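What follows is a short report on a single structure.
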Amino acid sequence: MTRDLYNQIKNNLLLKSWFELEDENLNTNFFLVTNKLHIVDAAYRIQLNDDERILQWMNTGEISKLQREKIKLFNSVPEKEFYYYRVDDYNLLQEKSENPKEKFLIKP
């Protein structure tokens with residue numbers, strides 16, 4: 001069951017430009033996932049309600065609420081691409097890196 005959930009998240013991950021994300025209300029429930037963590041792992045743990053792991057990532061800054069300063073920075077580069085995944089009321093974003101990490105950190 002957990003393998004199915006993990007694969008479902010992986011298969012439903014979207015790639016959107018910042019311009020495409022402008023239609024969303026970026027001030028509410030948007031969280032930025034750093035490239036130290038894979039967005040699929042973050043979404044997976046949120047769906048499992050793994051509060052301890054999520055809090056750990058928030059305390060280390062690997063997941064953070066999208067701040068105004070970042071929004072302004074991203075507005076200056078509307079073609080910038082992000083991985084995007086919606087989990088319940090949470091919207092996860094991760095900047096697409098030049099050398100994307102194919103290896104997932106957590107195995108269900």
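Labels used: A, B, ... for chains in the order of the structure tokens, numbers from 1 for residues in each chain, and numbers from 1 for ligands as shown.
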Please provide the set of residues having any atom within 12 Å of Glu20 of chain A, restricted to only C-alpha atoms, with same-chain residues fewer than 6 positions apart removed, written as a ChimeraX atom specification. /A:14,26,74-75,77-84
If we count only C-alpha atoms and set the cut-off at 9 Å, which residues sit around Gln67 of chain A, ignoring sequence neighbours fewer than 5 positions away in its own chain? Please answer as a list in words.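 The residues that qualify are Asn27, Phe30, Phe31, Leu32 and Lys72 of chain A.
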Closest of A:Val40, A:Leu73, A:Asn91, A:Val33 to Asn11 of chain A - atom-to-atom distances counting only C-alpha atoms: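 Of A:Val40, A:Leu73, A:Asn91, A:Val33, the one nearest Asn11 of chain A is A:Val40, counting only C-alpha atoms.
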Atom-to-atom span, atom CA of Asn29 of chain A and atom CA of Gln8 of chain A, Å: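 Computing the Euclidean distance for atom CA of Asn29 of chain A and atom CA of Gln8 of chain A yields 21.6 Å.
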DSSP alpha helix (DSSP H) residues within segment 8-58 of chain A, listed as a list of chain:residue names: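 Residues meeting the alpha helix (DSSP H) criterion: A:Gln8, A:Ile9, A:Lys10, A:Asn11, A:Asn12, A:Trp18, A:Phe19, A:Glu20, A:Leu21, A:Ile39, A:Val40, A:Asp41, A:Ala42, A:Ala43, A:Tyr44, A:Arg45, A:Ile46, A:Gln47, A:Asp51, A:Glu52, A:Arg53, A:Ile54, A:Leu55, A:Gln56, A:Trp57, A:Met58.
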Got a sec to tell me which of chain A DSSP assigns to strand (DSSP E), as a PyMOL selection string? chain A and resi 14-17+30-33+63-65+81-87+90-95
Name the closest residue to Lys16 of chain A among the candidates A:Gln94, A:Asn49, A:Thr34, A:Ser76; distances are taken between atoms, counting only C-alpha atoms. A:Gln94
Considering only C-alpha atoms, can you say which of A:Asp88, A:Ile71, A:Glu95, A:Asp4 comes closest to Gln47 of chain A?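 Counting only C-alpha atoms, the residue closest to Gln47 of chain A is A:Asp88.
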For atom CA of Glu69 of chain A and atom CA of Ile46 of chain A, quote the distance in Å rounded to one decimal.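 Spanning atom CA of Glu69 of chain A to atom CA of Ile46 of chain A is a straight-line distance of 25.1 Å.
The interatomic distance for the pair atom CA of Lys96 of chain A and atom CA of Asp41 of chain A works out to 15.3 Å.
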